[in-house]
Amino acid sequence: MSRRRVGRSAVVLLAGLAVAPAPVRAPDGGPRLAAAPAGGGPQRVTVTVTGLSCPFCAYGLEKRLRRLEGLDSLHIEFQSGQVVLYLRDGSKVGDQELRRVVQDAGFEARKIERAPLPPAS
């Protein structure tokens, strides 16, 4: 195991993987909010997330997002902080639920954009 300085944070190289220290999570002190219905039809949801700094961080967030009901697939680019989710028709995943899942993983959802997908032919 070796340590290397990258920018201002230390990165630990372990078996060829770069692992940065995990962000500190804020305690969840409030009640959970019910998710508002997102609307009809399949959707592409793009979430801008702050705090993603390595593949390990992205994997932790991906594990939590995969539990969302109605998720078809997702793609995370940790370098840019972009998370793209593809939701099935009838998915009730709302913006509040997305923000909560991202926050529970230790990150912050800055911006959420939704776009309808054309029906599959």
# chains A, B, ... in the order shown; residues from 1 in each chain; ligands from 1
>>> residues_around(residues="segment 49-61 of chain A", least_positions_apart="6", cutoff="6 Å", atoms="only C-alpha atoms", output="MDAnalysis selection string")
chainID A and resid 78 81 105 107:110
>>> atom_distance(atom1="atom CA of Arg114 of chain A", atom2="atom CA of Ser80 of chain A")
18.1 Å
>>> closest_residue(among="A:Ile76, A:Ile112, A:Leu87, A:Leu71", to="Arg44 of chain A", atoms="only C-alpha atoms")
A:Leu87
>>> closest_residue(among="A:Leu65, A:Leu74, A:Leu98, A:Val84", to="Ala115 of chain A", atoms="only C-alpha atoms")
A:Val84
>>> closest_residue(among="A:Pro119, A:Val45, A:Arg64, A:Ser73", to="Val101 of chain A", atoms="only C-alpha atoms")
A:Arg64
